[in-house]
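J.: Take a look at data07.txt, compact mmCIF, C-alpha atoms:
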```
# COMPACT_ATOMS: atom_id res chain seq x y z
CA MET U 1 0.00 0.00 0.00
CA LYS U 2 1.27 3.49 -0.82
CA PRO U 3 1.71 5.95 2.09
CA ASN U 4 -1.13 8.13 0.79
CA GLU U 5 -3.53 5.22 0.47
CA LYS U 6 -2.54 4.01 3.91
CA GLN U 7 -3.25 7.43 5.41
CA ALA U 8 -6.62 7.66 3.70
CA ASP U 9 -7.43 4.15 4.88
CA GLN U 10 -6.53 5.04 8.46
CA ARG U 11 -8.59 8.20 8.34
CA LYS U 12 -11.55 6.20 7.05
CA LYS U 13 -11.14 3.73 9.91
CA MET U 14 -11.03 6.55 12.46
CA ILE U 15 -14.13 8.25 11.05
CA ARG U 16 -15.87 4.88 11.25
CA SER U 17 -15.00 4.47 14.93
CA TRP U 18 -16.17 8.00 15.75
CA ILE U 19 -19.48 7.29 13.98
CA PHE U 20 -19.75 4.09 15.96
CA PHE U 21 -19.07 6.12 19.11
CA GLY U 22 -21.88 8.54 18.15
CA ILE U 23 -24.29 5.63 17.67
CA THR U 24 -23.26 4.27 21.07
CA ILE U 25 -23.99 7.63 22.72
CA VAL U 26 -27.43 7.86 21.11
CA PHE U 27 -28.17 4.29 22.16
CA VAL U 28 -27.11 5.02 25.75
CA VAL U 29 -29.17 8.23 25.94
CA VAL U 30 -32.28 6.41 24.70
CA LEU U 31 -31.68 3.46 27.00
CA LEU U 32 -31.16 5.65 30.06
CA SER U 33 -34.28 7.72 29.31
CA ILE U 34 -36.24 4.46 29.39
CA PHE U 35 -34.52 3.34 32.61
CA PRO U 36 -33.74 6.64 34.38
CA GLU U 37 -32.97 4.86 37.66
CA LYS U 38 -29.90 3.27 35.98
CA THR U 39 -28.33 6.62 35.06
CA GLY U 40 -26.51 6.95 38.39
CA PRO U 41 -24.75 3.56 38.42
CA VAL U 42 -23.92 3.63 34.68
CA THR U 43 -22.37 7.10 34.68
CA SER U 44 -20.48 6.61 37.93
CA THR U 45 -18.96 3.32 36.69
CA ALA U 46 -18.09 4.82 33.31
CA GLN U 47 -16.54 7.84 34.99
CA GLU U 48 -14.47 5.68 37.33
CA TYR U 49 -13.08 3.59 34.44
CA PHE U 50 -12.54 6.68 32.31
CA ILE U 51 -10.29 8.21 34.97
CA GLU U 52 -8.44 4.93 35.53
CA MET U 53 -7.79 4.69 31.80
CA MET U 54 -6.79 8.32 31.29
CA VAL U 55 -4.15 8.35 34.02
CA ILE U 56 -2.19 5.63 32.21
CA LEU U 57 -3.11 5.71 28.52
CA PRO U 58 -1.03 8.77 27.49
CA ALA U 59 2.04 7.29 29.21
CA VAL U 60 1.47 3.90 27.56
CA MET U 61 1.16 5.60 24.17
CA ILE U 62 4.40 7.53 24.74
CA ILE U 63 6.23 4.28 25.55
CA MET U 64 4.84 2.67 22.38
CA GLY U 65 5.76 5.72 20.29
CA LEU U 66 9.33 5.72 21.59
CA PHE U 67 9.78 2.05 20.80
CA SER U 68 8.40 2.34 17.30
CA VAL U 69 10.78 5.18 16.43
CA PHE U 70 13.93 3.99 18.20
CA ILE U 71 13.63 0.28 17.35
CA PRO U 72 12.51 -0.09 13.74
CA ASN U 73 11.28 -3.43 12.40
CA GLU U 74 14.37 -3.97 10.22
CA LYS U 75 16.48 -4.10 13.36
CA VAL U 76 14.16 -6.67 14.90
CA VAL U 77 14.48 -8.91 11.85
CA LYS U 78 18.25 -8.56 11.94
CA TYR U 79 18.51 -9.63 15.57
CA LEU U 80 16.08 -12.51 15.28
CA GLY U 81 17.66 -13.91 12.12
CA LYS U 82 20.81 -15.06 13.84
CA THR U 83 19.59 -16.63 17.05
CA SER U 84 19.43 -20.23 18.22
CA GLY U 85 19.04 -22.41 21.30
CA ILE U 86 17.89 -21.13 24.67
CA LYS U 87 19.42 -17.76 23.95
CA GLY U 88 17.39 -17.66 20.73
CA MET U 89 14.20 -18.38 22.66
CA ALA U 90 14.95 -15.63 25.16
CA ILE U 91 15.71 -13.14 22.41
CA SER U 92 12.53 -14.14 20.53
CA ILE U 93 10.46 -13.42 23.62
CA LEU U 94 12.23 -10.16 24.42
CA ILE U 95 11.92 -8.85 20.89
CA GLY U 96 8.31 -9.96 20.72
CA THR U 97 7.51 -7.84 23.77
CA ILE U 98 8.67 -4.65 22.07
CA PRO U 99 5.52 -2.75 21.26
CA THR U 100 5.61 -2.05 17.56
CA GLY U 101 2.14 -2.53 16.23
CA PRO U 102 -0.52 -5.21 15.80
CA LEU U 103 0.08 -8.90 15.14
CA TYR U 104 -0.48 -8.76 11.40
CA ILE U 105 2.66 -6.65 11.05
CA ALA U 106 4.62 -9.54 12.53
CA PHE U 107 3.41 -12.13 9.97
CA PRO U 108 5.52 -10.86 7.05
CA MET U 109 8.47 -10.46 9.41
CA ALA U 110 8.06 -14.07 10.52
CA ALA U 111 7.81 -15.24 6.90
CA THR U 112 11.01 -13.40 5.97
CA LEU U 113 12.81 -14.90 8.95
CA LEU U 114 11.66 -18.43 8.11
CA LYS U 115 12.91 -18.02 4.56
CA LYS U 116 16.25 -16.89 5.95
CA GLY U 117 16.47 -20.11 7.93
CA ALA U 118 15.30 -19.11 11.41
CA ARG U 119 14.02 -21.97 13.57
CA VAL U 120 10.28 -22.64 13.55
CA SER U 121 10.18 -22.76 17.35
CA ASN U 122 11.76 -19.32 17.66
CA ILE U 123 9.34 -17.86 15.16
CA ILE U 124 6.31 -19.32 16.96
CA VAL U 125 7.60 -17.95 20.27
CA PHE U 126 8.27 -14.59 18.64
CA LEU U 127 4.75 -14.40 17.15
CA SER U 128 3.10 -15.43 20.42
CA ALA U 129 5.13 -12.98 22.46
CA TRP U 130 4.24 -10.30 19.94
CA ALA U 131 0.58 -11.20 20.35
CA CYS U 132 0.29 -11.40 24.10
CA ILE U 133 3.35 -10.30 26.07
CA LYS U 134 3.66 -6.69 24.96
CA ILE U 135 5.12 -4.27 27.48
CA PRO U 136 2.20 -1.77 27.30
CA GLN U 137 -0.27 -4.64 27.69
CA GLU U 138 1.52 -5.87 30.79
CA LEU U 139 1.47 -2.35 32.26
CA VAL U 140 -2.27 -1.98 31.74
CA GLU U 141 -2.85 -5.48 33.09
CA LEU U 142 -0.77 -4.56 36.15
CA ARG U 143 -2.89 -1.46 36.66
CA PHE U 144 -6.26 -3.17 36.39
CA LEU U 145 -5.69 -6.72 37.60
CA GLY U 146 -2.81 -6.42 40.07
CA VAL U 147 0.76 -7.65 40.43
CA GLU U 148 -0.03 -11.26 41.33
CA PHE U 149 -2.41 -11.79 38.42
CA MET U 150 -0.14 -10.14 35.88
CA PHE U 151 3.07 -11.94 36.87
CA LEU U 152 1.48 -15.35 37.22
CA ARG U 153 -0.17 -15.08 33.81
CA LEU U 154 3.08 -13.81 32.30
CA ILE U 155 5.14 -16.71 33.67
CA LEU U 156 2.59 -19.33 32.63
CA THR U 157 2.30 -17.78 29.18
CA VAL U 158 6.06 -17.81 28.63
CA ILE U 159 6.33 -21.48 29.70
CA PHE U 160 3.44 -22.66 27.53
CA VAL U 161 4.43 -20.56 24.53
CA ILE U 162 7.94 -22.10 24.52
CA LEU U 163 6.36 -25.55 24.80
CA MET U 164 4.08 -24.74 21.89
CA GLY U 165 7.05 -23.55 19.81
CA VAL U 166 8.87 -26.83 20.37
CA ILE U 167 5.78 -28.93 19.59
CA ILE U 168 4.96 -27.08 16.36
CA GLU U 169 8.59 -27.31 15.25
CA ARG U 170 8.55 -31.08 15.82
CA ILE U 171 5.35 -31.49 13.81
CA ILE U 172 6.52 -29.37 10.91
CA GLU U 173 9.99 -30.95 10.76
CA ARG U 174 8.51 -34.44 10.94
CA ASP U 175 6.12 -33.70 8.09
CA LYS U 176 8.96 -32.29 6.02
CA ARG U 177 11.04 -35.42 6.56
CA GLY U 178 7.98 -37.51 5.72
CA ASN U 179 7.56 -35.67 2.43
CA ILE U 180 11.18 -36.20 1.48
CA MET U 181 10.91 -39.91 2.24
CA ASP U 182 7.75 -40.16 0.13
CA LYS U 183 9.49 -38.49 -2.77
CA LYS U 184 12.46 -40.87 -2.49
CA ARG U 185 10.15 -43.86 -2.47
CA GLY U 186 8.42 -42.54 -5.55
CA GLU U 187 11.65 -42.28 -7.52
CA MET A 1 -3.65 8.16 41.29
CA ASN A 2 -2.39 4.92 42.69
CA ILE A 3 1.10 3.48 42.76
CA THR A 4 1.02 1.55 39.44
CA ALA A 5 -0.22 4.62 37.58
CA ILE A 6 2.64 6.61 39.06
CA ILE A 7 5.17 3.93 38.08
CA ILE A 8 3.87 3.75 34.50
CA ASN A 9 3.97 7.52 34.13
CA GLY A 10 7.42 7.58 35.71
CA ILE A 11 8.75 5.05 33.19
CA ALA A 12 7.26 6.99 30.29
CA PHE A 13 8.68 10.27 31.59
CA ALA A 14 12.16 8.85 32.19
CA ALA A 15 12.21 7.16 28.78
CA LEU A 16 11.13 10.40 27.15
CA ILE A 17 13.88 12.42 28.81
CA PHE A 18 16.43 9.77 27.82
CA ALA A 19 15.12 9.88 24.23
CA PHE A 20 15.43 13.67 24.12
CA ILE A 21 19.02 13.50 25.30
CA LYS A 22 19.87 10.83 22.72
CA ASP A 23 18.09 12.20 19.65
CA LYS A 24 15.79 15.19 19.80
CA ASP A 25 14.23 14.72 16.36
CA LYS A 26 13.40 11.09 16.99
CA ALA A 27 11.94 11.96 20.40
CA VAL A 28 9.66 14.59 18.86
CA LYS A 29 8.62 12.06 16.22
CA SER A 30 7.80 9.54 18.98
CA ILE A 31 5.54 12.05 20.70
CA LYS A 32 3.76 12.76 17.44
CA ILE A 33 3.20 9.04 16.88
CA ALA A 34 2.01 8.65 20.47
CA PHE A 35 -0.43 11.53 20.07
CA LYS A 36 -1.77 10.13 16.80
CA SER A 37 -2.26 6.64 18.23
CA PHE A 38 -3.95 8.15 21.27
CA ILE A 39 -6.45 10.03 19.12
CA LYS A 40 -6.96 6.94 16.97
CA MET A 41 -7.66 4.82 20.00
CA LEU A 42 -9.82 7.32 21.87
CA PRO A 43 -13.23 6.50 20.34
CA VAL A 44 -12.69 2.78 20.95
CA VAL A 45 -11.63 3.51 24.53
CA LEU A 46 -14.75 5.59 25.12
CA ILE A 47 -17.04 2.95 23.60
CA MET A 48 -15.43 0.32 25.79
CA ILE A 49 -15.85 2.45 28.93
CA ILE A 50 -19.52 3.04 28.12
CA ALA A 51 -19.95 -0.70 27.51
CA ILE A 52 -18.47 -1.42 30.95
CA GLY A 53 -20.81 1.19 32.50
CA LEU A 54 -23.84 -0.41 30.85
CA LEU A 55 -22.71 -3.93 31.72
CA LEU A 56 -22.27 -3.16 35.41
CA GLY A 57 -25.30 -0.88 35.56
CA PHE A 58 -27.76 -3.27 33.93
CA VAL A 59 -26.44 -6.76 34.58
CA PRO A 60 -26.51 -7.68 38.26
CA PRO A 61 -23.44 -9.52 39.66
CA GLU A 62 -25.54 -12.67 40.17
CA GLN A 63 -26.13 -12.86 36.42
CA ILE A 64 -22.46 -12.30 35.61
CA SER A 65 -21.45 -14.97 38.07
CA ARG A 66 -24.05 -17.36 36.67
CA PHE A 67 -22.54 -17.17 33.20
CA VAL A 68 -18.84 -16.69 33.88
CA GLY A 69 -18.59 -17.38 37.60
CA GLU A 70 -17.33 -20.36 39.59
CA GLN A 71 -20.34 -22.49 38.71
CA SER A 72 -20.15 -21.97 34.94
CA GLY A 73 -18.04 -25.15 34.58
CA VAL A 74 -15.74 -26.32 31.82
CA GLY A 75 -18.32 -25.63 29.13
CA GLY A 76 -18.64 -22.03 30.28
CA ILE A 77 -14.86 -21.56 30.21
CA LEU A 78 -14.59 -23.01 26.69
CA LEU A 79 -17.38 -20.70 25.56
CA VAL A 80 -15.61 -17.68 27.06
CA GLY A 81 -12.42 -18.80 25.29
CA VAL A 82 -14.22 -18.99 21.94
CA VAL A 83 -15.72 -15.53 22.48
CA GLY A 84 -12.24 -14.18 23.22
CA ALA A 85 -10.83 -15.80 20.08
CA LEU A 86 -13.58 -14.33 17.89
CA MET A 87 -13.57 -10.82 19.34
CA HIS A 88 -11.34 -8.23 17.80
CA ILE A 89 -10.79 -5.49 20.36
CA PRO A 90 -7.44 -3.97 21.28
CA ALA A 91 -5.82 -6.06 24.00
CA LEU A 92 -5.14 -2.92 26.03
CA LEU A 93 -8.89 -2.45 26.44
CA SER A 94 -9.62 -6.03 27.42
CA PHE A 95 -8.03 -5.47 30.83
CA PRO A 96 -10.48 -2.88 32.21
CA LEU A 97 -13.32 -5.05 30.91
CA ALA A 98 -11.78 -8.11 32.56
CA ALA A 99 -11.29 -6.22 35.83
CA SER A 100 -14.89 -5.02 35.82
CA ILE A 101 -16.40 -8.49 35.42
CA LEU A 102 -13.89 -9.99 37.84
CA GLU A 103 -15.03 -7.53 40.52
CA ASN A 104 -18.62 -8.43 39.80
CA GLY A 105 -18.78 -12.17 40.07
CA ALA A 106 -16.72 -13.61 37.21
CA SER A 107 -14.18 -16.30 38.08
CA VAL A 108 -10.43 -15.88 37.60
CA THR A 109 -10.47 -18.86 35.20
CA ALA A 110 -13.07 -17.27 32.94
CA VAL A 111 -11.33 -13.91 32.92
CA VAL A 112 -7.92 -15.44 32.11
CA ALA A 113 -9.43 -17.62 29.37
CA PHE A 114 -10.98 -14.52 27.82
CA ILE A 115 -7.87 -12.31 27.93
CA THR A 116 -5.51 -15.05 26.79
CA THR A 117 -7.53 -16.24 23.79
CA LEU A 118 -8.29 -12.64 22.88
CA THR A 119 -4.61 -11.71 22.67
CA MET A 120 -3.13 -14.96 21.32
CA ILE A 121 -5.71 -15.93 18.73
CA GLY A 122 -6.97 -13.79 15.90
CA MET A 123 -9.82 -15.34 13.94
CA ILE A 124 -10.14 -12.13 11.93
CA THR A 125 -6.45 -12.10 11.01
CA LEU A 126 -6.33 -15.90 10.47
CA PRO A 127 -6.87 -15.73 6.67
CA LEU A 128 -3.93 -13.32 6.43
CA GLU A 129 -1.81 -15.53 8.68
CA ILE A 130 -2.59 -18.57 6.51
CA LYS A 131 -1.71 -16.63 3.38
CA ILE A 132 1.63 -15.42 4.72
CA LEU A 133 2.81 -18.29 6.93
CA GLY A 134 1.03 -21.23 5.37
CA LYS A 135 -2.00 -23.22 6.40
CA LYS A 136 -0.22 -25.74 8.60
CA MET A 137 1.72 -23.26 10.72
CA ALA A 138 -1.15 -20.80 11.12
CA LEU A 139 -3.70 -23.45 12.08
CA LEU A 140 -1.28 -25.18 14.46
CA ARG A 141 -0.39 -21.89 16.13
CA ASN A 142 -3.98 -20.78 16.63
CA GLY A 143 -5.24 -24.25 17.57
CA ILE A 144 -2.55 -25.00 20.14
CA SER A 145 -2.84 -21.43 21.45
CA PHE A 146 -6.47 -22.11 22.27
CA VAL A 147 -5.56 -25.24 24.20
CA ILE A 148 -2.79 -23.55 26.18
CA ALA A 149 -4.98 -20.51 26.88
CA ILE A 150 -7.54 -22.79 28.51
CA LEU A 151 -4.79 -24.61 30.43
CA ILE A 152 -3.34 -21.32 31.68
CA ALA A 153 -6.84 -20.24 32.70
CA PHE A 154 -7.43 -23.36 34.80
CA ILE A 155 -4.00 -23.21 36.42
CA MET A 156 -4.53 -19.56 37.35
CA GLY A 157 -7.99 -20.34 38.64
CA MET A 158 -6.50 -23.00 40.92
CA ILE A 159 -3.70 -20.77 42.25
CA LEU A 160 -5.54 -17.45 42.68
```
Is it possible to give me this structure as structure tokens?
T.:
Amino acid sequence: MKPNEKQADQRKKMIRSWIFFGITIVFVVVLLSIFPEKTGPVTSTAQEYFIEMMVILPAVMIIMGLFSVFIPNEKVVKYLGKTSGIKGMAISILIGTIPTGPLYIAFPMAATLLKKGARVSNIIVFLSAWACIKIPQELVELRFLGVEFMFLRLILTVIFVILMGVIIERIIERDKRGNIMDKKRGE
Amino acid sequence: MNITAIIINGIAFAALIFAFIKDKDKAVKSIKIAFKSFIKMLPVVLIMIIAIGLLLGFVPPEQISRFVGEQSGVGGILLVGVVGALMHIPALLSFPLAASILENGASVTAVVAFITTLTMIGMITLPLEIKILGKKMALLRNGISFVIAILIAFIMGMIL
């Protein structure tokens, strides 16, 4: 996509979400005029969560902005391309946690890395870390769900994601070997 | 403002000062990007906050706990996991939602299942993932992610 098209596309998306917001407001106003006794609880809850969100969101956005400018994607690909073993796993997780955009940005990066010969397990770990162990996410989780919850989920996620990486690598390598054997038999 | 909010703002502030010392232009660019993403995210944040207000205002805790509480069982957890996998909301916003239902009768297991499938699995981005990474890898990743998300949920439910 060209930069101009991308910008126009983003603007369109934003207008759509503001329209959706407008519809939500109208819906809420109508709903609360039917059930006026609910106005108190609904607005006080919304207000409480609004404040909670606003005291952290700008800071979270700043952290994300800094990462996206100071650590461009090309650098990430460079680092991940030459890793292996336990160190490779650790680097895959660490790099995955860097907040640089949604998961679908990571797919082409993963594909490039696989073509360059990166290990399947590392790529799976990288993708999963990218999806669910982002630094800003952890900060917001810490804020809303507490230290215990956040750390326990983080540790469990890391363990299971590494396990998943190893399992998927086994399956894919086995299938590859199987294919080669089949071809040999056919010759 | 509580302690975590102060820590998060402190980290952002320190990082920003460090960035300014290292490279002023890049730091300014970061702030611009941050501002843009903030504005882009704002309507979704507001919709989410209103949704939480409505949810807590209209649905009594007994109802929440009936569907996603301790007694919802394995079937309930699987259902929550599927909902999380299908939904496409920014992960950042799933945490206030999770906190709100957790405070009002949802079980830890259900909340963890929801957050974990929501972040790990993308049904909406699955076609793209298949196209770029191949059918086998994409389906294995999303399928196994679902299983481990449910496992993580049950383990957390047992510990917390």
J.: Near Val76 (chain U), counting all atoms listed in the file, which residues have an atom at most 12 Å away, once you skip same-chain residues fewer than 3 positions from it, shown as a ChimeraX atom specification?
T.: /U:67-68,70-73,79-83,91-100,106,109-110,112-113,126,130
J.: I'd like the interatomic distance between CA of Val28 (chain A) and CA of Gly65 (chain U), to a tenth of an Å.
T.: 9.8 Å
J.: Can you work out which one of U:Ile23, U:Val30, U:Leu156, U:Val125 has the shortest atom-to-atom distance to chain A, counting all atoms listed in the file?
T.: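 Of U:Ile23, U:Val30, U:Leu156, U:Val125, the one nearest chain A is U:Leu156, counting all atoms listed in the file.
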J.: How close does each residue of chain U get to chain A, giving the shortest atom pair and distance in Å to one decimal for every residue with an atom at most 7 Å away, counting all atoms listed in the file, sorted by chain and residue number, as a tab-separated table?
T.:
```
residue	atom	partner	partner_atom	distance
U:Met14	CA	A:Lys40	CA	6.1
U:Ser17	CA	A:Pro43	CA	6.0
U:Trp18	CA	A:Pro43	CA	5.7
U:Phe21	CA	A:Ile47	CA	5.9
U:Thr24	CA	A:Ile47	CA	6.8
U:Lys38	CA	A:Gly57	CA	6.2
U:Pro41	CA	A:Gly57	CA	5.3
U:Val42	CA	A:Gly53	CA	4.5
U:Thr43	CA	A:Gly53	CA	6.5
U:Thr45	CA	A:Gly53	CA	5.1
U:Ala46	CA	A:Gly53	CA	4.6
U:Tyr49	CA	A:Ile49	CA	6.3
U:Phe50	CA	A:Ile49	CA	6.3
U:Val55	CA	A:Ala5	CA	6.5
U:Ile56	CA	A:Ala5	CA	5.8
U:Pro58	CA	A:Phe38	CA	6.9
U:Ala59	CA	A:Asn9	CA	5.3
U:Met61	CA	A:Ala34	CA	4.9
U:Ile62	CA	A:Ala34	CA	5.0
U:Ile63	CA	A:Ala12	CA	5.6
U:Met64	CA	A:Ala34	CA	6.9
U:Gly65	CA	A:Ser30	CA	4.5
U:Leu66	CA	A:Ser30	CA	4.9
U:Val69	CA	A:Ser30	CA	5.9
U:Tyr104	CA	A:Thr125	CA	6.9
U:Phe107	CA	A:Glu129	CA	6.4
U:Pro108	CA	A:Ile132	CA	6.4
U:Ala111	CA	A:Leu133	CA	5.9
U:Ser128	CA	A:Met120	CA	6.3
U:Ala131	CA	A:Met120	CA	5.4
U:Cys132	CA	A:Thr119	CA	5.1
U:Gln137	CA	A:Leu92	CA	5.4
U:Leu139	CA	A:Ile8	CA	6.9
U:Val140	CA	A:Leu92	CA	6.5
U:Glu141	CA	A:Phe95	CA	5.7
U:Arg143	CA	A:Thr4	CA	5.7
U:Phe144	CA	A:Ala99	CA	5.9
U:Leu145	CA	A:Ala99	CA	5.9
U:Leu156	CA	A:Ile152	CA	6.3
U:Phe160	CA	A:Ile148	CA	6.4
U:Met164	CA	A:Ile144	CA	6.9
U:Ile168	CA	A:Leu140	CA	6.8
```
J.: Which distance in Å separates CA of Lys87 (chain U) and CA of Lys115 (chain U), to one decimal?
T.: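 Between these atoms lies a distance of 20.5 Å.
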J.: In the coordinate frame of the file, compute which residues have an atom within 7 Å of (-11.1, -20.7, 29.7) when using only C-alpha atoms, and state them as a PyMOL selection string.
T.: chain A and resi 77-78+80-81+109-110+112-114+149-150+153-154
J.: Would you save the residues from that selection as a PDB file, keeping the file's coordinate frame, using C-alpha atoms?
T.:
```
ATOM      1  CA  ILE A  77     -14.860 -21.560  30.210  1.00  0.00           C
ATOM      2  CA  LEU A  78     -14.590 -23.010  26.690  1.00  0.00           C
ATOM      3  CA  VAL A  80     -15.610 -17.680  27.060  1.00  0.00           C
ATOM      4  CA  GLY A  81     -12.420 -18.800  25.290  1.00  0.00           C
ATOM      5  CA  THR A 109     -10.470 -18.860  35.200  1.00  0.00           C
ATOM      6  CA  ALA A 110     -13.070 -17.270  32.940  1.00  0.00           C
ATOM      7  CA  VAL A 112      -7.920 -15.440  32.110  1.00  0.00           C
ATOM      8  CA  ALA A 113      -9.430 -17.620  29.370  1.00  0.00           C
ATOM      9  CA  PHE A 114     -10.980 -14.520  27.820  1.00  0.00           C
ATOM     10  CA  ALA A 149      -4.980 -20.510  26.880  1.00  0.00           C
ATOM     11  CA  ILE A 150      -7.540 -22.790  28.510  1.00  0.00           C
ATOM     12  CA  ALA A 153      -6.840 -20.240  32.700  1.00  0.00           C
ATOM     13  CA  PHE A 154      -7.430 -23.360  34.800  1.00  0.00           C
TER      14      PHE A 154
END
```
J.: Using all atoms listed in the file, which of the listed residues (U:Lys13, U:Lys176, U:Lys134, U:Lys78) sits closest to Pro102 (chain U)?
T.: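 Under the stated criterion, the closest residue is U:Lys134.
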J.: Enter the distance from CA of Gly101 (chain U) to CA of Ile101 (chain A), in Å, rounded to one decimal.
T.: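 Taking CA of Gly101 (chain U) and CA of Ile101 (chain A), their separation equals 27.3 Å.
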J.: Restricting the calculation to only C-alpha atoms, which member of U:Lys12, U:Arg119, U:Lys75, U:Arg153 is positioned closest to Arg170 (chain U)?
T.: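 Among the listed residues, the smallest separation from Arg170 (chain U) belongs to U:Arg119.
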J.: Reconstruct N, CA and C atoms of region 2-21 of chain U from the incomplete input and present them as an mmCIF file, in the frame of the given file.
T.:
```
data_model
loop_
_atom_site.group_PDB
_atom_site.id
_atom_site.type_symbol
_atom_site.label_atom_id
_atom_site.label_comp_id
_atom_site.auth_asym_id
_atom_site.auth_seq_id
_atom_site.Cartn_x
_atom_site.Cartn_y
_atom_site.Cartn_z
ATOM 1 N N LYS U 2 0.518 2.234 -0.814
ATOM 2 C CA LYS U 2 1.270 3.490 -0.820
ATOM 3 C C LYS U 2 0.965 4.298 0.443
ATOM 4 N N PRO U 3 1.921 5.158 0.864
ATOM 5 C CA PRO U 3 1.710 5.950 2.090
ATOM 6 C C PRO U 3 0.391 6.736 2.053
ATOM 7 N N ASN U 4 0.087 7.332 0.890
ATOM 8 C CA ASN U 4 -1.130 8.130 0.790
ATOM 9 C C ASN U 4 -2.386 7.284 1.001
ATOM 10 N N GLU U 5 -2.388 6.125 0.325
ATOM 11 C CA GLU U 5 -3.530 5.220 0.470
ATOM 12 C C GLU U 5 -3.681 4.777 1.911
ATOM 13 N N LYS U 6 -2.530 4.488 2.528
ATOM 14 C CA LYS U 6 -2.540 4.010 3.910
ATOM 15 C C LYS U 6 -3.147 5.072 4.828
ATOM 16 N N GLN U 7 -2.730 6.335 4.591
ATOM 17 C CA GLN U 7 -3.250 7.430 5.410
ATOM 18 C C GLN U 7 -4.763 7.566 5.242
ATOM 19 N N ALA U 8 -5.188 7.521 3.981
ATOM 20 C CA ALA U 8 -6.620 7.660 3.700
ATOM 21 C C ALA U 8 -7.390 6.524 4.364
ATOM 22 N N ASP U 9 -6.803 5.326 4.292
ATOM 23 C CA ASP U 9 -7.430 4.150 4.880
ATOM 24 C C ASP U 9 -7.567 4.316 6.388
ATOM 25 N N GLN U 10 -6.489 4.844 7.012
ATOM 26 C CA GLN U 10 -6.530 5.040 8.460
ATOM 27 C C GLN U 10 -7.552 6.087 8.861
ATOM 28 N N ARG U 11 -7.617 7.156 8.041
ATOM 29 C CA ARG U 11 -8.590 8.200 8.340
ATOM 30 C C ARG U 11 -10.000 7.625 8.261
ATOM 31 N N LYS U 12 -10.231 6.809 7.232
ATOM 32 C CA LYS U 12 -11.550 6.200 7.050
ATOM 33 C C LYS U 12 -11.905 5.365 8.279
ATOM 34 N N LYS U 13 -10.921 4.588 8.749
ATOM 35 C CA LYS U 13 -11.140 3.730 9.910
ATOM 36 C C LYS U 13 -11.503 4.564 11.134
ATOM 37 N N MET U 14 -10.794 5.728 11.285
ATOM 38 C CA MET U 14 -11.030 6.550 12.460
ATOM 39 C C MET U 14 -12.418 7.174 12.399
ATOM 40 N N ILE U 15 -12.792 7.663 11.208
ATOM 41 C CA ILE U 15 -14.130 8.250 11.050
ATOM 42 C C ILE U 15 -15.179 7.200 11.408
ATOM 43 N N ARG U 16 -14.936 5.963 10.953
ATOM 44 C CA ARG U 16 -15.870 4.880 11.250
ATOM 45 C C ARG U 16 -16.004 4.677 12.757
ATOM 46 N N SER U 17 -14.872 4.706 13.480
ATOM 47 C CA SER U 17 -15.000 4.470 14.930
ATOM 48 C C SER U 17 -15.661 5.634 15.643
ATOM 49 N N TRP U 18 -15.457 6.868 15.131
ATOM 50 C CA TRP U 18 -16.170 8.000 15.750
ATOM 51 C C TRP U 18 -17.667 7.903 15.488
ATOM 52 N N ILE U 19 -18.049 7.473 14.274
ATOM 53 C CA ILE U 19 -19.480 7.290 13.980
ATOM 54 C C ILE U 19 -20.066 6.237 14.908
ATOM 55 N N PHE U 20 -19.304 5.167 15.076
ATOM 56 C CA PHE U 20 -19.750 4.090 15.960
ATOM 57 C C PHE U 20 -19.913 4.614 17.394
ATOM 58 N N PHE U 21 -18.986 5.490 17.791
ATOM 59 C CA PHE U 21 -19.070 6.120 19.110
ATOM 60 C C PHE U 21 -20.351 6.940 19.235
#
```
